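Novice: Sharing coords-v3.txt, compact mmCIF, C-alpha atoms and all ligand atoms:
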```txt
# COMPACT_ATOMS: atom_id res chain seq x y z
CA MET A 158 -10.73 35.67 240.32
CA VAL A 159 -9.49 32.13 240.88
CA GLU A 160 -7.59 32.08 237.62
CA ARG A 161 -5.40 34.95 238.81
CA ARG A 162 -4.46 32.90 241.86
CA ALA A 163 -4.40 29.60 240.04
CA GLU A 164 -1.06 28.45 241.35
CA HIS A 165 -2.27 28.79 244.92
CA ALA A 166 -5.58 27.12 244.09
CA VAL A 167 -3.97 24.19 242.34
CA LYS A 168 -1.46 23.56 245.14
CA PHE A 169 -4.29 23.74 247.66
CA PHE A 170 -6.34 21.33 245.55
CA TYR A 171 -3.66 18.63 245.30
CA SER A 172 -2.63 18.97 248.97
CA HIS A 173 -6.26 18.62 250.02
CA LEU A 174 -6.84 15.69 247.68
CA PHE A 175 -3.77 13.71 248.72
CA TRP A 176 -4.11 14.53 252.43
CA HIS A 177 -7.69 13.33 252.62
CA ASN A 178 -7.30 10.46 250.15
CA PRO A 179 -3.72 9.18 250.39
CA GLY A 180 -4.39 6.26 248.03
CA VAL A 181 -5.20 8.67 245.21
CA ARG A 182 -1.57 9.85 245.02
CA ASP A 183 -0.70 6.48 243.46
CA LEU A 184 -2.77 7.34 240.40
CA PHE A 185 -0.52 10.29 239.55
CA PRO A 186 2.98 10.35 238.04
CA VAL A 187 5.84 9.69 240.41
CA SER A 188 8.17 12.47 239.28
CA SER A 189 7.70 16.00 240.53
CA GLU A 190 8.28 17.37 237.02
CA ASP A 191 5.38 15.34 235.70
CA MET A 192 3.24 16.44 238.64
CA GLU A 193 3.97 20.06 237.71
CA ARG A 194 2.65 19.40 234.23
CA GLN A 195 -0.37 17.75 235.76
CA ARG A 196 -1.06 20.86 237.84
CA ASP A 197 -1.09 23.03 234.73
CA ARG A 198 -3.38 20.66 232.93
CA LEU A 199 -6.02 20.50 235.61
CA PHE A 200 -6.59 24.22 235.66
CA ALA A 201 -6.28 24.58 231.92
CA ALA A 202 -8.97 21.93 231.56
CA LEU A 203 -11.20 23.34 234.20
CA THR A 204 -11.09 26.93 232.99
CA HIS A 205 -11.69 25.80 229.46
CA VAL A 206 -14.72 23.73 230.39
CA VAL A 207 -16.22 26.31 232.69
CA SER A 208 -15.91 29.04 230.10
CA ARG A 209 -17.77 26.84 227.60
CA LEU A 210 -20.39 25.20 229.79
CA ASP A 211 -23.17 26.90 227.85
CA ASP A 212 -21.93 25.52 224.55
CA ASP A 213 -23.36 22.07 224.95
CA ALA A 214 -22.71 21.05 221.34
CA ALA A 215 -18.97 21.48 221.77
CA ILE A 216 -18.42 20.55 225.38
CA GLY A 217 -20.67 17.47 225.59
CA PRO A 218 -18.77 15.29 223.10
CA TYR A 219 -15.50 16.59 224.45
CA LEU A 220 -16.30 15.59 228.03
CA HIS A 221 -17.48 12.20 226.81
CA ASP A 222 -14.13 11.58 225.14
CA LEU A 223 -12.29 12.92 228.16
CA GLY A 224 -14.14 10.52 230.46
CA ARG A 225 -13.53 7.61 228.12
CA ASP A 226 -9.85 8.51 227.94
CA HIS A 227 -9.45 8.90 231.71
CA ARG A 228 -10.19 5.21 232.24
CA LYS A 229 -6.61 4.45 231.29
CA PHE A 230 -5.48 6.36 234.40
CA LEU A 231 -7.45 3.80 236.48
CA ILE A 232 -9.90 6.49 237.57
CA ARG A 233 -12.98 4.97 239.18
CA PRO A 234 -16.41 6.61 239.60
CA GLU A 235 -15.79 7.31 243.32
CA HIS A 236 -12.72 9.39 242.42
CA TYR A 237 -14.95 11.96 240.75
CA ALA A 238 -16.59 12.71 244.10
CA VAL A 239 -13.34 13.14 246.03
CA VAL A 240 -11.85 15.31 243.29
CA GLY A 241 -15.04 17.40 243.38
CA SER A 242 -14.87 18.03 247.11
CA SER A 243 -11.17 18.97 246.99
CA LEU A 244 -11.84 21.24 244.05
CA LEU A 245 -14.63 23.04 245.88
CA ALA A 246 -12.41 23.37 248.94
CA ALA A 247 -9.64 24.89 246.78
CA LEU A 248 -12.02 27.30 245.09
CA ALA A 249 -13.49 28.36 248.42
CA ALA A 250 -10.01 28.93 249.88
CA THR A 251 -8.95 30.98 246.85
CA SER A 252 -12.07 33.08 246.35
CA GLY A 253 -12.09 34.91 249.67
CA ASP A 254 -15.22 36.99 250.21
CA ALA A 255 -16.48 36.20 246.74
CA TRP A 256 -17.32 32.64 247.89
CA THR A 257 -21.01 33.11 248.64
CA PRO A 258 -23.62 30.35 249.00
CA GLN A 259 -24.82 31.12 245.46
CA VAL A 260 -21.30 30.79 244.05
CA GLU A 261 -20.78 27.55 245.93
CA LYS A 262 -24.06 26.21 244.56
CA ALA A 263 -23.13 27.21 241.02
CA TRP A 264 -19.71 25.52 241.25
CA THR A 265 -21.17 22.39 242.80
CA GLU A 266 -23.66 22.11 239.96
CA ALA A 267 -21.08 22.89 237.31
CA TYR A 268 -18.74 20.23 238.64
CA GLN A 269 -21.59 17.74 238.71
CA VAL A 270 -22.37 18.47 235.05
CA ILE A 271 -18.73 17.84 234.15
CA ALA A 272 -18.42 14.68 236.24
CA ASP A 273 -21.73 13.27 234.95
CA ALA A 274 -20.73 13.85 231.32
CA MET A 275 -17.31 12.26 231.84
CA LEU A 276 -18.78 9.29 233.68
CA ALA A 277 -21.38 8.85 230.96
CA GLY A 278 -18.59 8.89 228.35
CA ALA A 279 -16.60 6.34 230.35
CA GLY A 280 -19.64 4.13 230.83
CA ALA A 281 -20.79 4.29 227.21
CA SER A 282 -17.45 3.44 225.64
CA GLU A 283 -17.14 0.01 224.12
CA ASP A 284 -13.38 0.44 223.80
CA PRO A 285 -11.06 -1.01 226.40
CA PRO A 286 -9.53 1.55 228.83
CA TRP A 287 -6.24 1.00 226.99
CA TRP A 288 -4.72 -1.43 224.53
CA ASP A 289 -1.77 -3.62 225.53
CA ALA A 290 0.63 -3.72 222.60
CA GLU A 291 3.71 -5.90 222.27
CA VAL A 292 6.88 -4.49 220.79
CA VAL A 293 7.66 -6.71 217.81
CA ARG A 294 10.46 -4.67 216.23
CA HIS A 295 12.76 -1.87 217.27
CA LEU A 296 14.74 -0.02 214.61
CA GLN A 297 17.34 2.43 215.79
CA TYR A 298 18.55 5.38 213.68
CA GLY A 299 21.62 6.94 215.30
CA GLN A 300 21.45 7.75 219.02
CA ASP A 301 18.20 9.66 219.03
CA ILE A 302 15.58 8.08 216.84
CA GLY A 303 13.79 4.78 217.34
CA VAL A 304 10.95 3.31 215.31
CA LEU A 305 9.00 0.79 217.37
CA THR A 306 6.55 -1.58 215.74
CA LEU A 307 3.82 -2.70 218.12
CA ARG A 308 1.18 -5.38 217.84
CA PRO A 309 -1.90 -4.41 219.88
CA HIS A 310 -3.53 -7.42 221.56
CA ALA A 311 -6.98 -6.29 220.40
CA PRO A 312 -8.01 -4.39 217.24
CA PHE A 313 -6.89 -0.79 217.63
CA PRO A 314 -9.01 1.62 215.56
CA TYR A 315 -7.46 4.80 214.17
CA LEU A 316 -7.28 6.92 211.04
CA PRO A 317 -4.04 7.62 209.16
CA GLY A 318 -2.46 10.75 210.63
CA GLN A 319 -3.81 10.27 214.16
CA TYR A 320 -1.82 9.86 217.36
CA THR A 321 -2.09 7.70 220.44
CA SER A 322 -0.92 8.10 224.01
CA VAL A 323 1.73 5.69 225.19
CA SER A 324 2.84 4.42 228.59
CA SER A 325 5.58 2.01 229.60
CA GLU A 326 6.17 0.15 232.86
CA ARG A 327 9.68 1.62 232.70
CA VAL A 328 8.17 5.04 233.57
CA PRO A 329 4.98 4.15 235.46
CA ARG A 330 1.85 6.30 235.17
CA THR A 331 3.42 8.68 232.68
CA TRP A 332 1.69 9.03 229.32
CA ARG A 333 2.95 10.81 226.21
CA THR A 334 1.41 11.14 222.79
CA TYR A 335 3.07 9.82 219.63
CA SER A 336 1.77 9.91 216.11
CA ILE A 337 1.19 6.59 214.41
CA GLY A 338 3.59 6.24 211.51
CA ASN A 339 1.57 4.00 209.21
CA ALA A 340 -1.86 3.57 207.67
CA PRO A 341 -3.76 0.60 209.15
CA ARG A 342 -2.18 -2.72 208.09
CA PRO A 343 -3.77 -6.13 207.69
CA ASP A 344 -1.72 -7.47 210.62
CA GLY A 345 -2.86 -4.59 212.86
CA THR A 346 0.66 -3.47 213.79
CA VAL A 347 1.45 0.22 214.36
CA ASP A 348 4.75 2.11 214.17
CA LEU A 349 5.78 4.84 216.58
CA HIS A 350 8.59 7.19 215.56
CA VAL A 351 10.28 8.41 218.73
CA SER A 352 12.86 11.17 218.99
CA ARG A 353 14.83 10.97 222.23
CA ILE A 354 14.72 14.20 224.19
CA ASP A 355 17.25 15.31 226.80
CA ARG A 356 15.88 14.46 230.26
CA GLY A 357 12.84 12.91 228.57
CA ARG A 358 12.43 9.74 230.58
CA LEU A 359 9.80 8.06 228.45
CA SER A 360 11.36 8.95 225.11
CA THR A 361 14.76 7.75 226.38
CA ALA A 362 13.23 4.51 227.67
CA LEU A 363 11.50 3.93 224.32
CA VAL A 364 14.49 4.75 222.10
CA SER A 365 17.35 3.36 224.18
CA GLU A 366 15.96 0.61 226.42
CA THR A 367 12.73 -0.91 225.17
CA GLN A 368 13.17 -4.39 223.67
CA PRO A 369 11.01 -6.62 221.47
CA GLY A 370 8.70 -8.69 223.67
CA GLU A 371 7.93 -5.80 226.05
CA VAL A 372 4.34 -4.65 226.35
CA LEU A 373 3.37 -0.96 226.19
CA LYS A 374 -0.05 0.57 226.80
CA LEU A 375 -1.81 2.62 224.14
CA GLY A 376 -4.69 5.04 224.74
CA ALA A 377 -7.51 5.64 222.25
CA ALA A 378 -6.33 7.32 219.04
CA GLY A 379 -7.17 10.96 218.40
CA GLY A 380 -6.12 14.04 216.50
CA GLN A 381 -7.21 16.19 213.58
CA LEU A 382 -4.45 15.52 211.05
CA THR A 383 -6.59 13.24 208.89
CA PHE A 384 -7.05 13.35 205.15
CA ARG A 385 -9.84 15.71 204.10
CA ARG A 386 -10.72 15.49 200.42
CA SER A 387 -9.41 14.08 197.25
CA ASP A 388 -10.36 16.74 194.71
CA ARG A 389 -7.75 19.36 195.59
CA PRO A 390 -3.97 19.39 195.23
CA VAL A 391 -2.16 18.46 198.38
CA SER A 392 1.07 19.55 200.06
CA LEU A 393 2.49 17.46 202.89
CA ILE A 394 5.11 19.14 205.07
CA ALA A 395 6.95 17.18 207.78
CA ALA A 396 9.82 18.06 210.13
CA GLY A 397 11.80 15.54 212.19
CA THR A 398 9.69 12.70 213.53
CA GLY A 399 6.71 14.83 212.49
CA TRP A 400 7.25 12.65 209.43
CA ALA A 401 5.32 9.82 211.16
CA PRO A 402 1.73 10.99 210.55
CA ILE A 403 2.67 12.36 207.12
CA ARG A 404 3.98 8.91 206.21
CA ALA A 405 0.65 7.43 207.33
CA LEU A 406 -1.21 9.92 205.10
CA LEU A 407 1.09 9.17 202.18
CA GLU A 408 0.50 5.43 202.58
CA GLU A 409 -3.23 6.09 202.53
CA LEU A 410 -2.87 8.17 199.35
CA ALA A 411 -0.66 5.59 197.66
CA ASP A 412 -3.17 2.89 198.41
CA ARG A 413 -5.65 4.43 195.99
CA PRO A 414 -3.50 6.58 193.72
CA PRO A 415 -4.93 10.09 193.65
CA ASP A 416 -5.86 12.21 190.65
CA GLN A 417 -4.35 15.30 192.20
CA ASP A 418 -0.68 16.24 192.49
CA VAL A 419 0.94 15.75 195.86
CA ARG A 420 3.96 17.76 196.97
CA LEU A 421 5.97 16.37 199.86
CA PHE A 422 8.50 18.46 201.81
CA VAL A 423 10.58 16.54 204.35
CA VAL A 424 12.64 18.66 206.75
CA ALA A 425 15.34 17.25 209.03
CA ARG A 426 18.14 18.58 211.20
CA ASP A 427 20.69 16.77 208.98
CA GLY A 428 20.96 14.04 206.35
CA ALA A 429 21.34 11.30 208.99
CA HIS A 430 17.96 12.30 210.42
CA LEU A 431 16.22 11.71 207.08
CA TYR A 432 15.84 8.20 208.42
CA ASP A 433 13.10 7.09 206.00
CA ARG A 434 14.76 8.46 202.90
CA PRO A 435 15.04 5.09 201.06
CA LEU A 436 11.29 4.58 201.43
CA ILE A 437 10.50 8.16 200.37
CA ASP A 438 12.79 7.83 197.34
CA ALA A 439 10.97 4.63 196.38
CA TYR A 440 7.62 6.44 196.58
CA GLY A 441 9.07 9.32 194.54
CA THR A 442 10.15 6.91 191.80
CA SER A 443 7.03 4.79 191.65
CA CYS A 444 4.34 7.45 192.16
CA GLY A 445 4.03 9.81 189.19
CA TRP A 446 1.73 12.11 191.19
CA LEU A 447 4.31 12.68 193.94
CA ASP A 448 6.98 15.39 194.00
CA VAL A 449 9.52 15.14 196.84
CA THR A 450 11.73 17.93 198.26
CA TYR A 451 14.21 17.26 201.08
CA ILE A 452 15.35 20.15 203.24
CA THR A 453 18.30 20.14 205.66
CA PRO A 454 20.29 23.12 207.01
CA ALA A 455 23.29 24.39 205.07
CA PRO A 456 26.48 22.61 206.23
CA GLY A 457 27.62 23.82 209.64
CA ARG A 458 24.41 25.73 210.37
CA HIS A 459 22.08 25.17 213.33
CA ARG A 460 19.51 22.45 212.83
CA ASN A 461 16.57 24.84 213.05
CA GLU A 462 17.89 26.78 210.08
CA ALA A 463 16.40 24.03 207.95
CA THR A 464 13.15 25.89 208.56
CA ASP A 465 14.58 29.01 206.84
CA ARG A 466 15.53 26.88 203.86
CA LEU A 467 12.05 25.42 203.79
CA ALA A 468 10.68 28.97 203.75
CA THR A 469 12.70 29.69 200.62
CA ALA A 470 11.54 26.46 198.99
CA LEU A 471 7.88 27.17 199.81
CA SER A 472 8.18 30.75 198.53
CA ASN A 473 9.50 29.42 195.24
CA ARG A 474 6.48 27.19 194.78
CA GLY A 475 3.17 28.67 193.80
CA LEU A 476 -0.46 27.67 193.89
CA TRP A 477 -0.81 27.91 197.66
CA PRO A 478 -4.40 29.21 197.51
CA ASP A 479 -5.45 25.96 195.81
CA GLN A 480 -3.68 23.58 198.16
CA ASP A 481 -4.79 21.53 201.11
CA VAL A 482 -1.69 21.61 203.31
CA TYR A 483 -0.93 19.04 206.01
CA LEU A 484 1.74 20.09 208.51
CA SER A 485 3.49 18.09 211.20
CA GLY A 486 6.53 18.74 213.39
CA PRO A 487 7.73 20.78 216.36
CA ALA A 488 5.21 23.36 217.62
CA GLN A 489 7.29 26.36 216.65
CA PHE A 490 7.98 24.88 213.25
CA ILE A 491 4.24 24.52 212.66
CA ASP A 492 3.57 28.06 213.86
CA GLU A 493 6.23 29.60 211.64
CA THR A 494 5.39 27.53 208.60
CA ALA A 495 1.63 28.07 208.87
CA HIS A 496 2.22 31.80 209.20
CA LEU A 497 4.46 31.87 206.13
CA LEU A 498 2.01 29.81 204.09
CA GLU A 499 -0.76 32.25 204.90
CA GLU A 500 1.46 35.08 203.71
CA LEU A 501 2.01 33.10 200.51
CA GLY A 502 -1.73 32.91 199.98
CA ALA A 503 -2.65 29.56 201.51
CA ARG A 504 -6.12 29.57 203.06
CA PRO A 505 -6.13 29.18 206.82
CA ALA A 506 -9.09 26.79 206.64
CA ARG A 507 -7.04 24.50 204.41
CA LEU A 508 -4.00 24.27 206.68
CA PHE A 509 -4.33 21.09 208.72
CA HIS A 510 -2.27 20.23 211.76
CA ASP A 511 -2.82 19.13 215.32
CA SER A 512 -3.03 21.81 217.95
CA VAL A 513 0.41 21.66 219.44
CA PRO A 514 0.77 23.95 222.44
CA ALA A 515 4.23 25.39 222.92
CA GLY A 516 5.92 23.75 225.89
CA GLY A 517 8.03 25.50 228.48
CA PRO A 518 11.57 24.68 229.53
CA GLY A 519 11.87 21.34 231.28
CA HIS A 520 8.90 19.89 229.46
CA GLU A 521 9.84 16.56 228.04
CA GLN A 522 8.12 17.03 224.73
CA PRO A 523 7.74 20.70 224.03
CA GLY A 524 4.84 21.08 221.72
CA ARG A 525 3.57 17.52 221.79
CA PRO A 526 -0.13 17.10 221.73
CA LEU A 527 -1.05 15.70 225.13
CA GLY A 528 -4.00 13.51 224.32
CA PHE A 529 -7.64 14.36 224.20
CA GLY A 530 -7.03 17.10 226.73
CA GLU A 531 -4.33 18.80 224.74
CA TRP A 532 -6.42 21.48 223.11
CA PHE A 533 -7.35 22.63 226.58
CA LEU A 534 -3.81 23.86 226.84
CA ASN A 535 -3.91 25.75 223.62
CA ARG A 536 -5.66 28.83 224.92
CA PRO A 537 -3.90 32.06 224.01
CA ALA A 538 -1.26 32.75 226.65
CA PRO A 539 -3.31 32.19 229.79
CA HIS A 540 -1.85 34.07 232.75
CA TRP A 541 -1.63 31.07 234.94
CA HIS A 542 0.53 29.12 232.49
CA ASN A 543 3.53 31.23 233.12
CA PRO A 544 3.89 32.06 236.80
CA SER A 545 6.14 35.02 236.02
CA ALA A 546 3.38 36.53 233.88
CA ARG A 547 0.74 36.41 236.56
CA ALA A 548 -1.17 39.46 237.69
CA PRO A 549 0.55 41.55 240.37
CA LYS A 550 -0.07 40.44 243.94
CA GLU A 551 -3.09 42.00 245.59
CA HIS A 552 -2.35 44.40 248.39
N1 LIG B 1 1.36 15.56 214.70
C1 LIG B 1 2.41 16.35 214.91
O1 LIG B 1 2.38 17.55 214.72
C2 LIG B 1 3.68 15.73 215.38
C3 LIG B 1 4.62 16.53 215.97
N2 LIG B 1 5.79 15.98 216.38
C4 LIG B 1 6.73 16.89 217.01
O2 LIG B 1 7.82 16.99 216.14
C5 LIG B 1 9.01 17.15 216.88
C6 LIG B 1 10.02 16.22 216.30
O3 LIG B 1 11.19 16.28 217.02
P1 LIG B 1 12.55 15.91 216.31
O4 LIG B 1 12.32 14.75 215.42
O5 LIG B 1 13.57 15.78 217.40
O6 LIG B 1 12.77 17.22 215.42
P2 LIG B 1 14.07 18.14 215.32
O7 LIG B 1 14.31 18.84 216.60
O8 LIG B 1 15.15 17.34 214.71
O9 LIG B 1 13.50 19.24 214.30
C7 LIG B 1 13.29 18.94 212.95
C8 LIG B 1 13.29 20.24 212.19
O10 LIG B 1 12.21 21.02 212.65
C9 LIG B 1 12.55 22.40 212.61
N3 LIG B 1 12.50 22.99 213.95
C10 LIG B 1 12.72 22.38 215.13
N4 LIG B 1 12.58 23.27 216.15
C11 LIG B 1 12.30 24.45 215.58
C12 LIG B 1 12.04 25.75 216.09
N5 LIG B 1 12.06 26.00 217.41
N6 LIG B 1 11.77 26.74 215.21
C13 LIG B 1 11.74 26.50 213.90
N7 LIG B 1 11.98 25.30 213.35
C14 LIG B 1 12.24 24.29 214.17
C15 LIG B 1 13.96 22.47 212.10
O11 LIG B 1 13.91 22.69 210.72
C16 LIG B 1 14.52 21.09 212.42
O12 LIG B 1 15.57 20.75 211.54
C17 LIG B 1 8.68 16.95 218.33
O13 LIG B 1 8.60 18.22 218.94
C18 LIG B 1 7.29 16.36 218.30
O14 LIG B 1 6.55 16.80 219.39
C19 LIG B 1 6.10 14.66 216.17
C20 LIG B 1 5.19 13.84 215.58
C21 LIG B 1 3.90 14.30 215.15
```
With the file now loaded, output its structure as structure tokens.
Ligand SMILES: NC(=O)C1=CN([C@@H]2O[C@H](COP(=O)(O)OP(=O)(O)OC[C@H]3O[C@@H](n4cnc5c(N)ncnc54)[C@H](O)[C@@H]3O)[C@@H](O)[C@H]2O)C=CC1
Specialist:
Amino acid sequence: MVERRAEHAVKFFYSHLFWHNPGVRDLFPVSSEDMERQRDRLFAALTHVVSRLDDDAAIGPYLHDLGRDHRKFLIRPEHYAVVGSSLLAALAATSGDAWTPQVEKAWTEAYQVIADAMLAGAGASEDPPWWDAEVVRHLQYGQDIGVLTLRPHAPFPYLPGQYTSVSSERVPRTWRTYSIGNAPRPDGTVDLHVSRIDRGRLSTALVSETQPGEVLKLGAAGGQLTFRRSDRPVSLIAAGTGWAPIRALLEELADRPPDQDVRLFVVARDGAHLYDRPLIDAYGTSCGWLDVTYITPAPGRHRNEATDRLATALSNRGLWPDQDVYLSGPAQFIDETAHLLEELGARPARLFHDSVPAGGPGHEQPGRPLGFGEWFLNRPAPHWHNPSARAPKEH
């Protein structure tokens, strides 16, 4: 019932929260566009959790991680109580006659379960709330791509292929996720590959303004694009800066040369955007187990037509049922390519990629994973995601 009127409920919730607790507004992003995204996320998260409250095995660890991860937003234990009372007020205002004492009791208890699990996760974590990381190098490729090398001030644990969330004082309280473009190094530095997006304030700040010496914040690493097993042939498929986690996986493979064959497909909007080509060529020459294919659109064609050319290249290669396939790139690219690979015989359980929800217009990073909460957003076309697709108004 509430889900159908989610937009109303969410507006009520934030108005109630900020009216009764003005200081809390300062914890949220400044820009109204980012607040809109925030609105979507809250309800996506809530509906997801509530629909899985009985599945303790799945939801418990998730809420722990979510609580741990929320520390970077400077959330304190007392905030959980004020969010809870605004949430109940919003649910009551949206539910009409359905808001009975029993329903209120059930929601109160459900929220308490969620808050307790998140607080326990926050309290149990031995990680810092975030890692300060100094920019030690900034490489620029054309107007749109920057590779930033950062040195975290404390050891920053992650697996090759994972991503981190990033925030800069240049765009306060806004966090975006970026894949880490290298396997762990002895000096602890990490590379972020950033593609500047029109109207994307953080990506523009990172690519065009950020200088060595500046300090960024990193959230705990996460993500599913990690290497699975070494006894099957592997295909790595990367598009655009989706190359970053694939590079990290390749570095991991090269570190202990594999027995299996590895096929690498690197897709870019044009030759200039194959920004790591010298390095990839060097791998291709020195690693006998590696076969490299570059894909760009035919001259004069739209940049996304590279994906059609990739489709031809993949169709011409066999053995898909045997392969473990690692995919990284724009959300739609992953969708299309995964679909094609399944048609070519690849096994769905052996296609690995992060869940990248498709973004709407005006979203800075359509399809970026959004942190530990991102799979909340990946539910199949929820009504409340697209206001124009909502249920008809009640009469
Ligand atoms: N772990 C992951 O899955 C990661 C995903 N990304 C995502 O990769 C993207 C990289 O952006 P850019 O470097 O600017 O890439 P880009 O916009 O230059 O695209 C690279 C290629 O991807 C394909 N592509 C792009 N949009 C498509 C569409 N709508 N349909 C079909 N094919 C499409 C095209 O072949 C294009 O040439 C971002 O959206 C980012 O969120 C980036 C890093 C890691």
Novice: At a cut-off of 8 Å, using only C-alpha atoms, what residues contact segment 162-176 of chain A? Leave out same-chain residues fewer than 2 positions from it and give the result as a list of chain:residue names.
Specialist: A:Met158, A:Val159, A:Glu160, A:Asn178, A:Pro179, A:Gly180, A:Val181, A:Arg182, A:Arg196, A:Leu199, A:Phe200, A:Val239, A:Val240, A:Ser243, A:Leu244, A:Ala246, A:Ala247, A:Leu248, A:Ala250, A:Thr251, A:Trp541, A:Pro544
Novice: Identify, on the basis of all atoms listed in the file, every residue whose closest approach to Leu467 of chain A does not exceed 12 Å; exclude the query and any residue fewer than 3 positions from it along the same chain; express the result as a VMD selection string.
Specialist: chain A and resid 394 to 396 421 to 426 450 to 455 461 to 464 470 to 474 490 to 491 493 to 495 497 to 498
Novice: Determine the nearest neighbour of Gly397 of chain A from the options A:Lys374, A:His430, A:Arg198, A:His310, counting only C-alpha atoms.
Specialist: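 That would be A:His430, the residue with the smallest distance to Gly397 of chain A.
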Novice: Separation of atom CA of Arg356 of chain A and atom CA of Glu291 of chain A, in Å?
Specialist: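 Pair atom CA of Arg356 of chain A / atom CA of Glu291 of chain A returns 25.0 Å.
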Novice: Please indicate the distance in Å from atom CA of Pro286 of chain A to atom P1 of ligand LIG 1 (chain B), rounded to one decimal place.
Specialist: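 Between atom CA of Pro286 of chain A and atom P1 of ligand LIG 1 (chain B) the gap is 29.2 Å.
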Novice: Determine, counting all atoms listed in the file, which protein, DNA and RNA residues have an atom within 6 Å of an atom of Val292 of chain A; residues of the same chain fewer than 4 positions away are not included. Present the result as a PDB file with C-alpha atoms, in the frame of the given file.
Specialist:
```pdb
ATOM      1  CA  THR A 306       6.550  -1.580 215.740  1.00  0.00           C
ATOM      2  CA  LEU A 307       3.820  -2.700 218.120  1.00  0.00           C
ATOM      3  CA  PRO A 369      11.010  -6.620 221.470  1.00  0.00           C
ATOM      4  CA  GLY A 370       8.700  -8.690 223.670  1.00  0.00           C
ATOM      5  CA  GLU A 371       7.930  -5.800 226.050  1.00  0.00           C
TER       6      GLU A 371
END
```
Novice: Here is a test: counting only C-alpha atoms, which residue of A:Ser242, A:Gln368, A:Ser387, A:Ser336 is nearest to Gln417 of chain A?
Specialist: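 For Gln417 of chain A, the nearest of the candidates is A:Ser387.
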Novice: Pick the closest to ligand LIG 1 (chain B) from A:Leu231, A:Ala249, A:Leu431, A:Ala340: which is it, counting only C-alpha atoms and all ligand atoms?
Specialist: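 Checking each of A:Leu231, A:Ala249, A:Leu431, A:Ala340 against ligand LIG 1 (chain B), counting only C-alpha atoms and all ligand atoms, the winner is A:Leu431.
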Novice: Which value, in Å to one decimal, gives the distance between atom CA of Leu184 of chain A and atom CA of Gly217 of chain A?
Specialist: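 Computing it gives 25.3 Å between the two atoms.
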Novice: Ranking A:Thr367, A:Thr346, A:Thr204, A:Thr334 by minimum distance to ligand LIG 1 (chain B) and counting only C-alpha atoms and all ligand atoms, which one comes first?
Specialist: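 Closest candidate: A:Thr334.
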Novice: Find the axis-aligned box for ligand LIG 1 (chain B), covering all its listed atoms and adding 5 Å on each side, and write its centre and edge lengths in Å to one decimal as JSON.
Specialist:
```
{"center_x": 8.5, "center_y": 20.3, "center_z": 215.1, "size_x": 24.2, "size_y": 22.9, "size_z": 18.7}
```
Novice: Please provide as a VMD selection string all residues within 12 Å of Ala506 of chain A, with the sequence filter that same-chain residues fewer than 4 positions apart are discarded (counting all atoms listed in the file).
Specialist: chain A and resid 385 478 to 483 495 498 to 499 502 510
Novice: Extract, using all atoms listed in the file, all DNA, RNA and protein residues at most 12 Å from Tyr320 of chain A, discarding same-chain residues fewer than 6 positions from it, and format them as a ChimeraX atom specification.
Specialist: /A:313-314,333-340,347-350,375-383,399,401-403,405,485,510-511,525-529,531
Novice: Could you tell me which of A:Asp438, A:Glu266, A:Asp254, A:Asp388 comes closest to Val207 of chain A if we count all atoms listed in the file?
Specialist: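 With all atoms listed in the file as the atom set, the closest residue is A:Glu266.
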Novice: Which is closest to ligand LIG 1 (chain B) among A:Gly224, A:Pro234, A:Gly441, A:Gly357, if we use all atoms listed in the file?
Specialist: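 Going through A:Gly224, A:Pro234, A:Gly441, A:Gly357 one by one, the smallest distance to ligand LIG 1 (chain B) is for A:Gly357.
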Novice: What would segment 374-382 of chain A look like with N, CA and C atoms in place, written as a short mmCIF file (atom, residue, chain, number, x, y, z; two decimals), keeping the file's coordinate frame?
Specialist:
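Here's the written file result-v5.cif:
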```cif
data_model
loop_
_atom_site.label_atom_id
_atom_site.label_comp_id
_atom_site.auth_asym_id
_atom_site.auth_seq_id
_atom_site.Cartn_x
_atom_site.Cartn_y
_atom_site.Cartn_z
N LYS A 374 1.39 0.28 226.82
CA LYS A 374 -0.05 0.57 226.80
C LYS A 374 -0.31 1.69 225.82
N LEU A 375 -1.39 1.56 225.07
CA LEU A 375 -1.81 2.62 224.14
C LEU A 375 -3.19 3.13 224.54
N GLY A 376 -3.37 4.46 224.53
CA GLY A 376 -4.69 5.04 224.74
C GLY A 376 -5.42 5.18 223.41
N ALA A 377 -6.71 5.49 223.48
CA ALA A 377 -7.51 5.64 222.25
C ALA A 377 -6.88 6.68 221.33
N ALA A 378 -6.93 6.40 220.02
CA ALA A 378 -6.33 7.32 219.04
C ALA A 378 -7.15 8.60 218.94
N GLY A 379 -6.47 9.68 218.60
CA GLY A 379 -7.17 10.96 218.40
C GLY A 379 -6.36 11.86 217.50
N GLY A 380 -6.87 13.07 217.29
CA GLY A 380 -6.12 14.04 216.50
C GLY A 380 -6.83 14.39 215.20
N GLN A 381 -6.51 15.59 214.72
CA GLN A 381 -7.21 16.19 213.58
C GLN A 381 -6.46 16.08 212.26
N LEU A 382 -5.27 15.51 212.27
CA LEU A 382 -4.45 15.52 211.05
C LEU A 382 -4.86 14.36 210.13
#
```
